[in-house]
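Visitor: Can you read through this structure? Questions will come right after.
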Amino acid sequence: MPVHESNAHQPRVIVISGGTDGMGRALTLARAERGDRIIALGSNPAKGRNLETEADRIGAGDRVQFLRVDLSSVESTRRAIREIAARHQAIDALCLFANRQSPKHTMTGEGLERTFALYYLSRYLLSHELSPLLRRSTAPVIVNIAGVGITKGAIRWDDLQLERKYSMITAQLQAGRANDLLGVHYASQADNPVRYVLYHPGFTKSGDLRPLPVAARLFIRAAAKFAARPVEQSIAPLHGFIDNPPSAPLTAIDRDTSLPLTLKTLDPTDAERLAEATKTLLDTRLPKPTTE
């Protein structure tokens with residue numbers, strides 16, 4: 001795993017999706033306490049207020065901005081991107097945490113399967129459409145917190161919205177593999193100064209379990225007592241990625257282990273195929289507004 005020297009005396013501007021829960025919330029407060037300015041994206045206003053109250057308590061209230069956004073919506077995500085661009089000239093780091101399990105097949109108002117939209121598509125949009133601001137940083141980095149290193153699951157190329165055969169695990173694994181390929185394609189862009197880190201923190205005591213059935217919640221909580229990593233341990237490597245981004249365009253870390261970029265789940269051909277499919281989906285069904 002890359003070794004990083006602390007560079008915390010230089011304040012960063014950091015966008016954190018899923019910044020009001022679990023690891024995202026912990027990173028928001030930790031970086032704000034170090035002096036960084038944080039834009040925390042989340043959908044729950046009560047959690048946003050709670051985050052800002054806690055930031056005030058630790059003396060970092062003026063450095064945390066909660067931005068309410070439904071990241072399962074392309075329109076809402078793009079609206080948040082425009083708001084960020086209106087307030088900030090540059091971004092130093094983008095950390096992508098937002099995810100939520102959907103036990104049942106649920107379509108958004110835009111006709112997208114919810115897990116695909118939230119866990120993958122929001123990260124695609126934030127990565128690509130915040131790129132102009134990231135490129136203005138002297139050391140820009142994107143950290144995508146997903147499941148790199150896991151080889152289970154696949155992209156359903158002929159059924160990305162999982163309309164024919166859905167399960168919560170299938171949806172989570174497909175979106176996880178899509179995030180692997182997002183990192184590969186993003187890092188392959190020519191003359192791209194933004195470093196991309198795919199990071200799998202492992203099983204962590206983090207996240208909102210309320211969408212899950214009662215039995216699943218009880219099982220996960222019981223397992224977490226014995227096997228889950230503390231949030232602080234899981235987010236610890238992110239400080240190094242933010243303060244001193246890796247020199248390579250793409251880095252893949254599974255907990256404490258650097259992964260070879262030759263993994264079948266990081267195939268450049270598949271990455272290009274998914275990028276084209278995503279672009280086609282957005283261009284044909286959810287085109288970007290022409291007046292921005």
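Naming scheme: A, B, ... for chains in displayed order of the structure tokens; residues 1 onward per chain; ligands 1 onward as shown.
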Neighbours of A:Gly109 within 10 Å (only C-alpha atoms; same-chain residues fewer than 5 positions away dropped), as a list of chain:residue names?

Guide: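 In the requested form, the answer reads A:Ser72, A:Ser73, A:Arg114.
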
Visitor: Considering only C-alpha atoms, tabulate each residue of stretch 84-169 of chain A that lies at most 7 Å from stretch 191-205 of chain A along with its nearest interatomic pair and the corresponding distance in Å to one decimal; arrange the rows by chain and ascending residue number and present them as CSV.

Guide:
residue,atom,partner,partner_atom,distance
A:Leu134,CA,A:Val194,CA,6.8
A:Arg135,CA,A:Val194,CA,6.5
A:Pro140,CA,A:Val194,CA,5.0
A:Val141,CA,A:Arg195,CA,4.6
A:Ile142,CA,A:Tyr196,CA,4.9
A:Val143,CA,A:Val197,CA,4.7
A:Asn144,CA,A:Leu198,CA,5.0
A:Ile145,CA,A:Tyr199,CA,4.9
A:Ala146,CA,A:His200,CA,5.3
A:Gly147,CA,A:His200,CA,4.7
A:Val148,CA,A:His200,CA,5.4

Visitor: Find the residues near A:Glu110: any atom within 12 Å, counting only C-alpha atoms, skip ones fewer than 4 places away on the same chain, and give them as a VMD selection string.

Guide: chain A and resid 72 to 76 106 114 117 161 281 to 282 285 to 287

Visitor: DSSP says strand (DSSP E) for which residues of stretch 126-285 of chain A? Put them as a ChimeraX atom specification?

Guide: /A:141-145,195-200,250-254,257-258

Visitor: Need the shell around stretch 171-177 of chain A: protein/DNA/RNA residues with any atom at most 6 Å away, counting only C-alpha atoms. Skip same-chain ones fewer than 2 positions apart. Format as a list in words?

Guide: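 After dropping sequence-adjacent residues, the list is Phe116, Tyr120, Ala146, Gly147, Gly153, Ala154, Ile155, Met168, Ile169, Asn179 and Asp180 of chain A.
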
Visitor: Create the file for the chosen residues now, containing N, CA and C atoms and written as an mmCIF file, in the first residue's frame.

Guide:
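Below you can see selection12.cif, which holds the result:
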data_model
loop_
_atom_site.group_PDB
_atom_site.id
_atom_site.type_symbol
_atom_site.label_atom_id
_atom_site.label_comp_id
_atom_site.auth_asym_id
_atom_site.auth_seq_id
_atom_site.Cartn_x
_atom_site.Cartn_y
_atom_site.Cartn_z
ATOM 1 N N PHE A 116 -28.320 1.288 -9.135
ATOM 2 C CA PHE A 116 -27.483 1.704 -10.262
ATOM 3 C C PHE A 116 -27.343 3.219 -10.294
ATOM 4 N N TYR A 120 -23.695 3.946 -8.618
ATOM 5 C CA TYR A 120 -22.785 4.112 -9.757
ATOM 6 C C TYR A 120 -22.968 5.435 -10.491
ATOM 7 N N ALA A 146 -15.735 1.758 -2.666
ATOM 8 C CA ALA A 146 -16.656 0.731 -3.137
ATOM 9 C C ALA A 146 -16.092 -0.645 -2.783
ATOM 10 N N GLY A 147 -16.014 -1.546 -3.750
ATOM 11 C CA GLY A 147 -15.615 -2.917 -3.434
ATOM 12 C C GLY A 147 -14.524 -3.452 -4.323
ATOM 13 N N GLY A 153 -19.964 -10.857 -8.996
ATOM 14 C CA GLY A 153 -20.837 -9.893 -9.648
ATOM 15 C C GLY A 153 -20.352 -9.557 -11.043
ATOM 16 N N ALA A 154 -21.243 -9.004 -11.832
ATOM 17 C CA ALA A 154 -20.918 -8.671 -13.220
ATOM 18 C C ALA A 154 -21.843 -7.579 -13.714
ATOM 19 N N ILE A 155 -21.430 -6.953 -14.809
ATOM 20 C CA ILE A 155 -22.270 -5.969 -15.473
ATOM 21 C C ILE A 155 -23.284 -6.722 -16.335
ATOM 22 N N MET A 168 -31.138 -7.716 -4.307
ATOM 23 C CA MET A 168 -30.355 -6.650 -3.698
ATOM 24 C C MET A 168 -28.856 -6.902 -3.877
ATOM 25 N N ILE A 169 -28.444 -8.146 -3.706
ATOM 26 C CA ILE A 169 -27.020 -8.479 -3.835
ATOM 27 C C ILE A 169 -26.561 -8.313 -5.274
ATOM 28 N N ASN A 179 -18.293 0.645 -10.648
ATOM 29 C CA ASN A 179 -17.389 1.643 -10.072
ATOM 30 C C ASN A 179 -15.928 1.295 -10.334
ATOM 31 N N ASP A 180 -15.596 0.002 -10.317
ATOM 32 C CA ASP A 180 -14.237 -0.402 -10.688
ATOM 33 C C ASP A 180 -13.915 0.102 -12.095
#

Visitor: Could you tell me how far atom CA of A:Arg82 lies from atom CA of A:Ser137, in Å and to one decimal?

Guide: 17.9 Å

Visitor: As an exercise, work out the distance from atom CA of A:Val69 to atom CA of A:Pro237 in Å and give it to one decimal place.

Guide: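 So the two atoms, atom CA of A:Val69 and atom CA of A:Pro237, lie 26.8 Å apart.
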
Visitor: What's the separation between atom CA of A:Gly61 and atom CA of A:Ser17, in Å to one decimal place?

Guide: 18.3 Å

Visitor: If we count only C-alpha atoms and set the cut-off at 12 Å, which residues sit around A:Thr138, ignoring sequence neighbours fewer than 4 positions away in its own chain? Please answer as an NGL selection string.

Guide: :A and (10 or 12-13 or 90-93 or 133-134 or 193-195 or 242-245)

Visitor: Report as a ChimeraX atom specification all protein, DNA and RNA residues lying within 10 Å of stretch 39-44 of chain A, evaluated on only C-alpha atoms, omitting residues in the same chain fewer than 5 positions from it.

Guide: /A:13-21,24-25,27-29,49,51-52,63-72,77,80,84,91,94-98
